[in-house]
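Working notes, structure below.
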Amino acid sequence: MVGRNFTEDPPVSLHWNNPAGPDVLTEIRRTNSVRDVREALVALAYAVTSTSRPSTGLCVIADSRLSDGRLRAEWERFRGIVRSDIGPRLYLAAAKNGELMYLEGAHPVTSDAFMRALLAAVHAESFAAGGKRVTRQQVKAALVERALWGLPPLTLADLRRQTGASYQTADAALVELQMTDVVSGMRDGPILLNGLRPHLLRKLADEHASARRSVRFVDPTGDARAPGAMAERLLSLRRRHDWHKVAVAGVLGAWRYFPDINITAAPRLDLSVYDGDQSFVARLDAGLVSTDDPSRKPVLVLHMQRDCRPPEVAARPYTTAARLDCLADLEELGLQADAREFAHALCRLAGLAA
Amino acid sequence: MRVEAALSPADVLAQVAAALPADVRGNVIIIGSLAAGYHFFSGDGGRAIRTKDVDCLFSPHSKAIAAAAEVADQLIRADWKLREGPDWSQPGKTDDEEKDLPMVRLRPPGEAAASWFLELLSAPPAFDPGAPGKNLRRVETSIGHFAICSFAFLALAEWRPLDTAHGVRIARPEMMALANLLHHPAIGAALIAGTDWNRSNKDLGRVLALAYLAIQRDRRDGTAEFDAWAERMWRALQDKFGGHAPQLAARAGAGMSALLASPADLNQALRIANLGLLASMDVSLEAFRATGARFMVEVIDELEQFVQ
């Protein structure tokens with residue numbers, strides 16, 4: 001029923017062969033650009049007139065910073081110029097945090113099977129888009145995390161192979177690390193982070209924190225499990241479900257690395273999510289509600305990011321997030337003294353000068 | 001609508017227990033909001049419940065009639081009064097059919113304005129899925145004939161009831177919740193007499209109130225009682241309903257799903273709960289809905305896992 005360009009019909013993100021009516025062509029874009037939205041709508045208009053079976057079109061703009069008003073204005077503009085026999089067959093929706101919001105009139109196909117396929121395609125598109133572009137920051141994070149684990153250093157070629165980064169990106173990341181004296185020496189051998197010091201590590205953790213997307217959850221009852229109990233539940237459920245890309249971070253993660261570290265009680269549960277799938281939250285605690293309101297105190301925060309742990313670590317069913325993730329969480333929480341102590345401990349453990 | 005007076009569960013339970021003959025206390029299980037209130041609030045003098053009926057279940061089924069007759073006679077001798085009103089204030093006669101007999105509903109003595117009454121109920125007979133869910137049985141007392149009622153799923157209240165300091169036992173919250181769930185597989189049309197309250201909204205809302213209180217207490221005391229609900233429910237279903245347990249477990253969540261999917265019914269369920277068991281808390285709709293979501297995942301889904 002679901003195909004991704006399996007036919008001779010024009011390529012779209014999702015082609016739903018609908019036995020009960022016109023097919024549904026869905027174009028999913030993860031973008032902050034109005035130009036991309038416009039392009040997607042035009043492509044969709046073209047597609048619905050070119051399919052071998054009658055079809056309707058649904059354009060989904062995922063995880064965009066474009067406001068609803070901006071999208072609505074673009075949609076109205078597009079509807080004003082599109083042919084009258086095509087316009088009514090097209091729909092525009094914004095997807096955010098796994099939920100779909102139509103800009104004007106919902107698509108008539110609402111079956112569970114279609115909605116499941118659609119949300120899965122949106123999720124896949126979002127994650128793939130996130131995964132396509134390996135950034136300098138991600139390259140640096142992979143290098144730093146490896147050093148913190150005390151594993152043998154990588155060459156630039158190994159680093160590119162491991163992260164999937166382009167030469168330019170990997171090289172630029174290296175230059176940035178050289179400029180801050182984290183890396184020194186020749187560039188054609190193993191990359192040694194012998195200049196990594198706690199204060200530099202904290203700066204890198206700040207960068208790491210600002211490059212990821214976080215989803216905050218609040219508890220309307222005020223009776224959510226304590227962070228430690230929620231983490232225990234996560235690990236217990238992890239055995240029954242396929243949640244291997246979720247790892248405990250934040251204060252609890254830091255504690256796991258250094259049980260003696262002098263951190264006060266965890267104010268919330270921080271989790272690193274490495275595959276973009278946050279559906280596990282509904283089983284972890286179905287009472288939690290996601291919020292964008294910064295004034296509401298979250299009990300759970302998901303940090304959606306690439307896994308920077310070395311492959312030899314990440315491949316194991318290891319339940320603690322990257323050390324850099326944990327440090328980034330402490331910084332983000334404003335636990336400065338604790339972050340400082342943790343950074344020193346990490347450097348000391350890795351044999352780097354503290 | 002009349003709002004009932006706030007009651008201290010511990011005080012009422014102590015009064016009820018003291019009024020019962022010593023030799024039948026072991027056959028009594030208190031159910032309903034008094035049992036829940038006592039379980040959750042007995043250590044907290046600031047917490048009260050609002051209820052008008054105190055439900056007193058006689059168990060086992062085989063001893064229920066004799067025990068109910070003995071209790072009714074003792075209470076009447078101790079000046080407990082039949083509940084006022086055209087339907088309940090006079091006992092029935094020998095030739096009245098059971099369906100026409102009044103229930104045993106007695107107000108405590110010396111409290112003309114007492115806001116609550118004791119209602120006697122019977123544990124049900126062995127489960128028969130083809131039999132009516134509600135049964136009436138005749139009780140002969142010194143002042144005339146009454147009926148006591150039993151509901152099939154009240155057998156769950158007999159499953160490992162909890163001891164109290166007063167010699168009577170109380171039903172486990174999770175068993176009262178399960179009985180209500182099984183009694184209401186959908187949002188029914190029946191209203192509670194004298195109100196515009198839907199009976200199933202009240203009973204399913206009670207389930208959420210019990211869950212809310214159990215979770216709150218777990219967080220406060222560091223216990224994990226709520227986590228054990230599904231397993232205990234499954235064991236109780238097997239003990240009480242044998243081979244019917246899988247089928248009952250599989251349909252236990254149907255009514256709650258319907259309630260959570262209906263904003264108007266959920267609103268009414270919350271309003272009723274906030275006037276009763278949750279009277280001292282005034283729970284918000286958002287919190288009530290969150291409790292429902294937790295209940296479905298952590299109890300119903302887990303219960304269904306046992307079936308598979």
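How things are named: the first chain in the structure tokens is A, the next is B, and so on; residues count from 1 in each chain; ligands count from 1 in the order shown.
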
Compile the residues of chain B that lie within 8 Å of chain A, evaluated using only C-alpha atoms, and express the compilation as a PyMOL selection string.
chain B and resi 215-216+219+286-294+297-298

Writer output for current selection, C-alpha atoms, as a PDB file, in the first residue's frame:
```pdb
ATOM      1  CA  ILE B 215       0.088   7.093  42.377  1.00  0.00           C
ATOM      2  CA  GLN B 216       0.185  10.085  44.700  1.00  0.00           C
ATOM      3  CA  ARG B 219       5.364   9.044  45.102  1.00  0.00           C
ATOM      4  CA  GLU B 286      -5.429  17.900  32.741  1.00  0.00           C
ATOM      5  CA  ALA B 287      -4.256  15.880  35.744  1.00  0.00           C
ATOM      6  CA  PHE B 288      -7.282  13.580  35.536  1.00  0.00           C
ATOM      7  CA  ARG B 289      -6.633  12.945  31.859  1.00  0.00           C
ATOM      8  CA  ALA B 290      -2.949  12.290  32.569  1.00  0.00           C
ATOM      9  CA  THR B 291      -3.960   9.777  35.229  1.00  0.00           C
ATOM     10  CA  GLY B 292      -6.202   8.097  32.677  1.00  0.00           C
ATOM     11  CA  ALA B 293      -3.355   7.824  30.198  1.00  0.00           C
ATOM     12  CA  ARG B 294      -1.114   6.335  32.881  1.00  0.00           C
ATOM     13  CA  VAL B 297      -0.619   2.030  29.825  1.00  0.00           C
ATOM     14  CA  GLU B 298       0.496   0.870  33.249  1.00  0.00           C
TER      15      GLU B 298
END
```

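The environment of range 242-249 of chain A within 6 Å, counting only C-alpha atoms and disregarding residues fewer than 2 places along the same chain, consists of Arg238, Gly253, Asp270, Leu271, Ser272, Val273, Tyr274, Asp275, Thr319, Thr320, Ala321 and Cys326 of chain A.
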
For the residues selected in the previous step, produce a file with N, CA, C and O atoms as a PDB file, in the first residue's frame.
```
ATOM      1  N   ARG A 238      13.077  -1.156  28.507  1.00  0.00           N
ATOM      2  CA  ARG A 238      13.998  -1.248  27.375  1.00  0.00           C
ATOM      3  C   ARG A 238      14.255  -2.706  26.996  1.00  0.00           C
ATOM      4  O   ARG A 238      14.483  -3.034  25.848  1.00  0.00           O
ATOM      5  N   GLY A 253      23.195  10.294  34.366  1.00  0.00           N
ATOM      6  CA  GLY A 253      24.257   9.761  33.520  1.00  0.00           C
ATOM      7  C   GLY A 253      25.623  10.077  34.108  1.00  0.00           C
ATOM      8  O   GLY A 253      26.505   9.211  34.163  1.00  0.00           O
ATOM      9  N   ASP A 270      17.107  13.494  32.082  1.00  0.00           N
ATOM     10  CA  ASP A 270      17.579  13.837  30.730  1.00  0.00           C
ATOM     11  C   ASP A 270      17.882  12.537  30.004  1.00  0.00           C
ATOM     12  O   ASP A 270      18.559  11.667  30.560  1.00  0.00           O
ATOM     13  N   LEU A 271      17.365  12.434  28.791  1.00  0.00           N
ATOM     14  CA  LEU A 271      17.646  11.250  27.982  1.00  0.00           C
ATOM     15  C   LEU A 271      18.200  11.678  26.634  1.00  0.00           C
ATOM     16  O   LEU A 271      17.693  12.636  26.032  1.00  0.00           O
ATOM     17  N   SER A 272      19.216  10.993  26.179  1.00  0.00           N
ATOM     18  CA  SER A 272      19.707  11.216  24.824  1.00  0.00           C
ATOM     19  C   SER A 272      18.983  10.236  23.908  1.00  0.00           C
ATOM     20  O   SER A 272      18.915   9.038  24.203  1.00  0.00           O
ATOM     21  N   VAL A 273      18.432  10.776  22.822  1.00  0.00           N
ATOM     22  CA  VAL A 273      17.694   9.941  21.867  1.00  0.00           C
ATOM     23  C   VAL A 273      18.445  10.000  20.545  1.00  0.00           C
ATOM     24  O   VAL A 273      18.593  11.062  19.954  1.00  0.00           O
ATOM     25  N   TYR A 274      18.934   8.846  20.115  1.00  0.00           N
ATOM     26  CA  TYR A 274      19.839   8.834  18.975  1.00  0.00           C
ATOM     27  C   TYR A 274      19.174   8.453  17.649  1.00  0.00           C
ATOM     28  O   TYR A 274      19.842   8.428  16.625  1.00  0.00           O
ATOM     29  N   ASP A 275      17.893   8.095  17.684  1.00  0.00           N
ATOM     30  CA  ASP A 275      17.240   7.761  16.414  1.00  0.00           C
ATOM     31  C   ASP A 275      16.033   8.657  16.144  1.00  0.00           C
ATOM     32  O   ASP A 275      15.259   8.398  15.230  1.00  0.00           O
ATOM     33  N   THR A 319      23.555   1.598  28.334  1.00  0.00           N
ATOM     34  CA  THR A 319      22.376   2.395  28.657  1.00  0.00           C
ATOM     35  C   THR A 319      22.689   3.811  29.112  1.00  0.00           C
ATOM     36  O   THR A 319      21.780   4.571  29.423  1.00  0.00           O
ATOM     37  N   THR A 320      23.962   4.148  29.167  1.00  0.00           N
ATOM     38  CA  THR A 320      24.319   5.513  29.573  1.00  0.00           C
ATOM     39  C   THR A 320      24.729   6.312  28.341  1.00  0.00           C
ATOM     40  O   THR A 320      25.435   5.807  27.469  1.00  0.00           O
ATOM     41  N   ALA A 321      24.283   7.551  28.298  1.00  0.00           N
ATOM     42  CA  ALA A 321      24.545   8.404  27.141  1.00  0.00           C
ATOM     43  C   ALA A 321      26.024   8.774  27.073  1.00  0.00           C
ATOM     44  O   ALA A 321      26.802   8.486  27.997  1.00  0.00           O
ATOM     45  N   CYS A 326      26.172  14.116  28.778  1.00  0.00           N
ATOM     46  CA  CYS A 326      25.906  14.334  30.211  1.00  0.00           C
ATOM     47  C   CYS A 326      26.452  15.681  30.649  1.00  0.00           C
ATOM     48  O   CYS A 326      25.785  16.434  31.375  1.00  0.00           O
TER      49      CYS A 326
END
```

Per DSSP on the backbone, what are the strand (DSSP E) residues of range 19-219 of chain B, as a PyMOL selection string?
chain B and resi 28-31+49-50+53-58+81-82+105-107+117-122+134-141+144-151+162-163+169-170

Just to be explicit: take each residue in the selection above, keep N, CA and C atoms, and write the result as a compact mmCIF listing (two decimals), in the first residue's frame.
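Below is the file that was written, result.txt:
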```txt
# COMPACT_ATOMS: atom_id res chain seq x y z
N VAL B 28 -17.14 -9.03 57.50
CA VAL B 28 -17.48 -7.75 56.88
C VAL B 28 -16.29 -7.20 56.11
N ILE B 29 -16.59 -6.77 54.89
CA ILE B 29 -15.58 -6.05 54.09
C ILE B 29 -16.23 -4.72 53.69
N ILE B 30 -15.60 -3.64 54.10
CA ILE B 30 -16.12 -2.33 53.71
C ILE B 30 -15.62 -2.03 52.30
N ILE B 31 -16.52 -1.58 51.46
CA ILE B 31 -16.15 -1.27 50.07
C ILE B 31 -16.55 0.18 49.77
N ILE B 49 -13.62 12.79 52.90
CA ILE B 49 -14.36 12.34 51.71
C ILE B 49 -15.80 12.83 51.84
N ARG B 50 -16.49 12.85 50.74
CA ARG B 50 -17.91 13.15 50.78
C ARG B 50 -18.64 11.93 50.26
N ASP B 53 -23.32 7.03 51.39
CA ASP B 53 -23.53 5.63 51.74
C ASP B 53 -22.23 4.94 52.10
N VAL B 54 -22.31 4.15 53.14
CA VAL B 54 -21.18 3.33 53.57
C VAL B 54 -21.56 1.89 53.24
N ASP B 55 -20.82 1.30 52.30
CA ASP B 55 -21.19 -0.02 51.80
C ASP B 55 -20.48 -1.11 52.58
N CYS B 56 -21.28 -2.03 53.09
CA CYS B 56 -20.78 -3.06 53.99
C CYS B 56 -21.09 -4.42 53.35
N LEU B 57 -20.05 -5.09 52.89
CA LEU B 57 -20.22 -6.34 52.15
C LEU B 57 -20.03 -7.53 53.09
N PHE B 58 -20.99 -8.46 53.07
CA PHE B 58 -20.85 -9.66 53.89
C PHE B 58 -20.28 -10.78 53.05
N LYS B 81 -31.56 3.94 62.69
CA LYS B 81 -32.86 4.18 62.07
C LYS B 81 -32.84 3.82 60.60
N LEU B 82 -34.01 3.33 60.14
CA LEU B 82 -34.11 3.10 58.69
C LEU B 82 -33.98 4.43 57.98
N ARG B 105 -30.80 -0.18 54.80
CA ARG B 105 -30.06 1.09 54.83
C ARG B 105 -30.36 1.77 56.15
N LEU B 106 -29.35 1.89 56.99
CA LEU B 106 -29.56 2.36 58.37
C LEU B 106 -28.68 3.56 58.69
N ARG B 107 -29.33 4.55 59.36
CA ARG B 107 -28.57 5.73 59.81
C ARG B 107 -28.12 5.53 61.24
N PHE B 117 -25.44 6.81 55.61
CA PHE B 117 -26.14 5.62 56.10
C PHE B 117 -25.34 4.39 55.71
N LEU B 118 -25.60 3.33 56.46
CA LEU B 118 -24.92 2.06 56.21
C LEU B 118 -25.80 1.21 55.29
N GLU B 119 -25.21 0.70 54.23
CA GLU B 119 -25.97 -0.19 53.34
C GLU B 119 -25.33 -1.57 53.36
N LEU B 120 -26.17 -2.59 53.54
CA LEU B 120 -25.65 -3.96 53.62
C LEU B 120 -25.73 -4.62 52.24
N LEU B 121 -24.65 -5.29 51.89
CA LEU B 121 -24.56 -5.98 50.59
C LEU B 121 -24.06 -7.39 50.82
N SER B 122 -24.30 -8.23 49.83
CA SER B 122 -23.84 -9.62 49.95
C SER B 122 -22.75 -9.91 48.92
N LYS B 134 -26.74 -8.67 38.73
CA LYS B 134 -27.22 -8.19 40.03
C LYS B 134 -28.19 -9.20 40.61
N ASN B 135 -28.03 -9.52 41.90
CA ASN B 135 -28.92 -10.47 42.58
C ASN B 135 -29.46 -9.86 43.85
N LEU B 136 -30.74 -10.19 44.17
CA LEU B 136 -31.34 -9.74 45.42
C LEU B 136 -31.65 -10.96 46.28
N ARG B 137 -31.38 -10.84 47.57
CA ARG B 137 -31.70 -11.96 48.49
C ARG B 137 -32.43 -11.41 49.70
N ARG B 138 -33.37 -12.22 50.19
CA ARG B 138 -34.22 -11.80 51.31
C ARG B 138 -33.47 -11.93 52.65
N VAL B 139 -33.67 -10.92 53.49
CA VAL B 139 -33.12 -10.94 54.85
C VAL B 139 -34.28 -10.73 55.82
N GLU B 140 -34.47 -11.70 56.72
CA GLU B 140 -35.55 -11.57 57.70
C GLU B 140 -34.99 -11.01 59.00
N THR B 141 -35.56 -9.90 59.44
CA THR B 141 -35.11 -9.30 60.71
C THR B 141 -36.28 -9.27 61.68
N GLY B 144 -39.02 -7.01 60.24
CA GLY B 144 -39.61 -7.26 58.93
C GLY B 144 -38.59 -7.73 57.92
N HIS B 145 -39.04 -7.71 56.67
CA HIS B 145 -38.19 -8.26 55.60
C HIS B 145 -37.50 -7.17 54.80
N PHE B 146 -36.25 -7.48 54.41
CA PHE B 146 -35.45 -6.56 53.58
C PHE B 146 -34.79 -7.40 52.48
N ALA B 147 -34.09 -6.70 51.60
CA ALA B 147 -33.27 -7.42 50.61
C ALA B 147 -31.83 -6.92 50.72
N ILE B 148 -30.92 -7.80 50.42
CA ILE B 148 -29.55 -7.32 50.22
C ILE B 148 -29.14 -7.71 48.80
N CYS B 149 -28.33 -6.88 48.27
CA CYS B 149 -28.00 -6.96 46.85
C CYS B 149 -26.58 -7.51 46.68
N SER B 150 -26.35 -8.21 45.59
CA SER B 150 -24.97 -8.58 45.27
C SER B 150 -24.74 -8.36 43.78
N PHE B 151 -23.53 -7.97 43.45
CA PHE B 151 -23.12 -7.78 42.05
C PHE B 151 -22.00 -8.77 41.75
N LEU B 162 -7.89 -5.86 52.92
CA LEU B 162 -6.86 -5.32 53.81
C LEU B 162 -7.41 -5.20 55.23
N ASP B 163 -6.59 -5.58 56.19
CA ASP B 163 -7.00 -5.45 57.60
C ASP B 163 -7.00 -3.98 58.02
N ARG B 169 -12.49 -5.47 57.66
CA ARG B 169 -11.51 -5.34 56.57
C ARG B 169 -12.04 -4.39 55.49
N ILE B 170 -11.14 -3.90 54.68
CA ILE B 170 -11.56 -3.04 53.57
C ILE B 170 -11.08 -3.66 52.26
```

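The coordinates place CA of Ala258 in chain B at 21.0 Å from CA of Ala113 in chain A.
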
Exercise: Leu333 in chain A partners within 9 Å, only C-alpha atoms, chain neighbours under 3 positions left out, as a PyMOL selection string:
chain A and resi 250+267+328-330+336

Quick one: everything within 12 Å of Thr26 in chain A, counting only C-alpha atoms, minus sequence neighbours fewer than 2 positions away in the same chain. Send it as a PyMOL selection string.
chain A and resi 2-5+10-17+23-24+28-29+40-41+43-45+47-48+55-61+89-93+107+109+114-115+117-119+121-122+125

Give me the residues near Ala265 in chain A as a ChimeraX atom specification, where near means some atom within 9 Å (using only C-alpha atoms) and where sequence neighbours in that chain fewer than 3 positions away do not count.
/A:251-252,268

Could you jot down the CA of Phe127 in chain B to CA of His184 in chain B separation for me, Å, one decimal place?
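Going from CA of Phe127 in chain B over to CA of His184 in chain B covers 17.0 Å.
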
Pick out the residues sitting within 8 Å of Leu204 in chain A, and hand them over as number ranges by chain; count only C-alpha atoms, and ignore anything fewer than 4 positions along from it in its own chain.
A: 141, 200, 208

Best match for closeness to Asp338 in chain A among A:Ile261, A:Leu269, A:Val37, A:Val281, counting only C-alpha atoms
A:Ile261

Can you list, as an mmCIF file with N, CA and C atoms, in the first residue's frame, every protein, DNA or RNA residue that comes within 9 Å of Arg172 in chain B when you count only C-alpha atoms, leaving out same-chain residues fewer than 6 positions away?
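Result file follows (out_16.cif):
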```cif
data_model
loop_
_atom_site.group_PDB
_atom_site.id
_atom_site.type_symbol
_atom_site.label_atom_id
_atom_site.label_comp_id
_atom_site.auth_asym_id
_atom_site.auth_seq_id
_atom_site.Cartn_x
_atom_site.Cartn_y
_atom_site.Cartn_z
ATOM 1 N N ILE B 31 -16.524 -1.581 51.455
ATOM 2 C CA ILE B 31 -16.148 -1.268 50.070
ATOM 3 C C ILE B 31 -16.546 0.182 49.768
ATOM 4 N N ALA B 35 -13.978 2.793 52.135
ATOM 5 C CA ALA B 35 -12.804 1.914 52.106
ATOM 6 C C ALA B 35 -11.623 2.630 51.463
ATOM 7 N N ALA B 36 -11.905 3.295 50.355
ATOM 8 C CA ALA B 36 -10.822 4.003 49.659
ATOM 9 C C ALA B 36 -10.304 5.149 50.512
ATOM 10 N N HIS B 39 -8.216 3.835 53.314
ATOM 11 C CA HIS B 39 -6.933 3.326 52.823
ATOM 12 C C HIS B 39 -5.967 4.466 52.535
ATOM 13 N N LEU B 156 -14.573 -9.583 43.518
ATOM 14 C CA LEU B 156 -13.193 -9.090 43.553
ATOM 15 C C LEU B 156 -12.871 -8.391 44.871
ATOM 16 N N ALA B 157 -13.899 -7.798 45.492
ATOM 17 C CA ALA B 157 -13.663 -7.122 46.776
ATOM 18 C C ALA B 157 -13.257 -8.125 47.854
ATOM 19 N N GLU B 158 -13.612 -9.401 47.633
ATOM 20 C CA GLU B 158 -13.257 -10.438 48.611
ATOM 21 C C GLU B 158 -11.814 -10.913 48.460
ATOM 22 N N TRP B 159 -11.158 -10.459 47.400
ATOM 23 C CA TRP B 159 -9.806 -10.955 47.146
ATOM 24 C C TRP B 159 -8.795 -10.230 48.035
ATOM 25 N N ARG B 160 -8.275 -10.974 48.984
ATOM 26 C CA ARG B 160 -7.251 -10.471 49.900
ATOM 27 C C ARG B 160 -7.549 -9.061 50.415
ATOM 28 N N PRO B 161 -8.694 -8.887 51.090
ATOM 29 C CA PRO B 161 -9.002 -7.558 51.620
ATOM 30 C C PRO B 161 -7.962 -7.143 52.663
ATOM 31 N N LEU B 162 -7.895 -5.861 52.920
ATOM 32 C CA LEU B 162 -6.864 -5.323 53.813
ATOM 33 C C LEU B 162 -7.407 -5.198 55.233
#
```

Can you measure CA of Thr164 in chain B to CA of Leu181 in chain B for me? One decimal in Å is fine.
25.4 Å
